[in-house]
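In what follows, a structure is listed as structure tokens, so that the remarks can point back to it.
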Amino acid sequence: MPKVLYACGTDSAKRHLKKLSGKEARFHRDVNHCISKKLVAKAIDTSSAIVLEDLSGIRERITVPKAQRRKQHNWSFYQLRQYIDYKAAIAGVPVICIDPAYTSQECPICHLISRSNRPTRDEFSCVCCGFSGSADTIAARNIAARVKSNKLCCGRTRFHLQHFVL
């Protein structure tokens, strides 16, 4: 529908497009607030830190089919990160950012990093030791392991943590 409105070019179509864009922005803002509020509340309840991958430059790194580009590039990762940062700061919850490189390709058991470990988008299966599971779960384990071993993206340790929110 927006494509037809753009092509039309009338004042009415422009007003409608502006209304649609505002609606989408409000939706994104609301969802990001809800997600960040729940993450911080969970971290408070469990006396944990929040660990995030540093997603700066993600739009340049991801490759998706043309039909999915609008959907992929439409979400506001930076806005969600900002909401988490300010809500966590108010609550006194530490937020740690790590380098996302190879978190979903590294085996948490034998530490082999290979693209072959990801036969599909949702699956992980190590070609060396045979360990398998959900790719998201494996990535979360690797992120937690990096924080525990102090392999942070900034190269320094700010917090000593025992519990993690993933």
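Going by the structure tokens order, chains are called A, B, ..., each with residues numbered from 1, while ligands are numbered from 1 in the order shown.
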Within 8 Å of Pro94 in chain A, counting only C-alpha atoms, which residues show up once you throw out same-chain ones fewer than 2 positions away? Write them as an MDAnalysis selection string, please. chainID A and resid 48:50 88:89 92 96 159
Those residues you just picked out, can you put them in a file as a CSV table (one decimal), in the first residue's frame with C-alpha atoms?
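The resulting result_24.csv:
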chain,number,residue,atom,x,y,z
A,48,SER,CA,22.3,-10.2,37.5
A,49,ALA,CA,24.0,-8.1,34.9
A,50,ILE,CA,22.7,-7.6,31.4
A,88,ALA,CA,19.6,-0.3,33.8
A,89,ALA,CA,21.6,2.8,35.0
A,92,GLY,CA,21.9,0.1,39.2
A,96,ILE,CA,28.1,-5.3,29.5
A,159,PHE,CA,32.4,-6.3,36.9
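Here the question is which of A:Gln105, A:Gln79, A:Ser47, A:Ser56 gets nearest to Cys126 in chain A using only C-alpha atoms, and that residue is A:Gln105.
Summary of the local environment: counting only C-alpha atoms, residues at most 12 Å from Ser114 in chain A, other than itself and those fewer than 2 positions away along its chain, are Ala101, Tyr102, Thr103, Ser104, Gln105, Glu106, Cys107, Cys110, His111, Leu112, Ser116, Asn117, Arg118, Pro119, Phe124, Ser125, Cys126, Val127 and Cys128 of chain A.
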Residues of the last selection are to be written out with C-alpha atoms, as a compact mmCIF listing (two decimals), in the first residue's frame.
# COMPACT_ATOMS: atom_id res chain seq x y z
CA ALA A 101 32.16 -12.17 16.41
CA TYR A 102 31.65 -15.92 16.03
CA THR A 103 29.33 -16.31 19.04
CA SER A 104 26.99 -18.48 16.98
CA GLN A 105 29.75 -20.39 15.13
CA GLU A 106 31.92 -21.40 18.11
CA CYS A 107 31.38 -24.73 19.84
CA CYS A 110 35.66 -27.90 21.96
CA HIS A 111 35.81 -24.17 20.94
CA LEU A 112 36.06 -24.94 17.23
CA SER A 116 30.08 -25.52 8.99
CA ASN A 117 28.90 -25.66 12.61
CA ARG A 118 25.72 -23.88 11.46
CA PRO A 119 24.05 -26.20 8.92
CA PHE A 124 24.11 -25.68 15.60
CA SER A 125 26.04 -28.91 15.14
CA CYS A 126 29.79 -29.03 15.80
CA VAL A 127 31.70 -30.76 13.01
CA CYS A 128 34.48 -31.71 15.43
Do you know which residues are at most 9 Å from Phe77 in chain A counting only C-alpha atoms, after dropping those on the same chain fewer than 4 positions away, and could you put them as an MDAnalysis selection string? chainID A and resid 32 55:56 58 81:82
Could you turn the residues from that selection into a file that holds N, CA and C atoms, as a PDB file, in the first residue's frame?
ATOM      1  N   ASN A  32      10.102  -1.552  22.214  1.00  0.00           N
ATOM      2  CA  ASN A  32      11.437  -1.428  22.791  1.00  0.00           C
ATOM      3  C   ASN A  32      11.375  -1.077  24.278  1.00  0.00           C
ATOM      4  N   LEU A  55      26.041  -4.416  18.637  1.00  0.00           N
ATOM      5  CA  LEU A  55      25.467  -4.560  17.297  1.00  0.00           C
ATOM      6  C   LEU A  55      25.713  -3.365  16.392  1.00  0.00           C
ATOM      7  N   SER A  56      26.659  -2.516  16.733  1.00  0.00           N
ATOM      8  CA  SER A  56      26.931  -1.380  15.853  1.00  0.00           C
ATOM      9  C   SER A  56      27.440  -1.902  14.515  1.00  0.00           C
ATOM     10  N   ILE A  58      25.530  -3.447  12.331  1.00  0.00           N
ATOM     11  CA  ILE A  58      24.842  -4.688  11.953  1.00  0.00           C
ATOM     12  C   ILE A  58      24.179  -4.581  10.586  1.00  0.00           C
ATOM     13  N   ARG A  81      18.906  -0.603  22.651  1.00  0.00           N
ATOM     14  CA  ARG A  81      20.122  -0.548  23.468  1.00  0.00           C
ATOM     15  C   ARG A  81      20.119   0.686  24.356  1.00  0.00           C
ATOM     16  N   GLN A  82      19.704   1.820  23.829  1.00  0.00           N
ATOM     17  CA  GLN A  82      19.645   3.046  24.626  1.00  0.00           C
ATOM     18  C   GLN A  82      18.640   2.921  25.770  1.00  0.00           C
TER      19      GLN A  82
END
Can you tell me, as a PyMOL selection string, what residues are no more than 9 Å from Ile143 in chain A when counting only C-alpha atoms, ignoring any on the same chain fewer than 6 positions away? chain A and resi 51-53+98-100+103+166
Compare A:Arg141, A:Ser76, A:Lys66, A:Ile84 by their minimum atom-to-atom distance to Arg26 in chain A, counting only C-alpha atoms, and give me the closest one. A:Ser76
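Distance annotation: of A:Cys129, A:Ile90, A:Ala139, A:Ala13, the residue with the minimal separation from Lys37 in chain A is A:Ile90; atom set is only C-alpha atoms.
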Write out as a PyMOL selection string which residues come within 8 Å of Ala91 in chain A when counting only C-alpha atoms, dropping same-chain ones fewer than 4 positions away. chain A and resi 40+44+87
Take the residues from that selection and put them in a file with C-alpha atoms, as an mmCIF file, in the first residue's frame.
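Output below, filename again02.cif:
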data_model
loop_
_atom_site.group_PDB
_atom_site.id
_atom_site.type_symbol
_atom_site.label_atom_id
_atom_site.label_comp_id
_atom_site.auth_asym_id
_atom_site.auth_seq_id
_atom_site.Cartn_x
_atom_site.Cartn_y
_atom_site.Cartn_z
ATOM 1 C CA VAL A 40 15.949 -4.799 33.612
ATOM 2 C CA ILE A 44 16.972 -6.879 39.320
ATOM 3 C CA LYS A 87 16.782 1.900 32.589
#
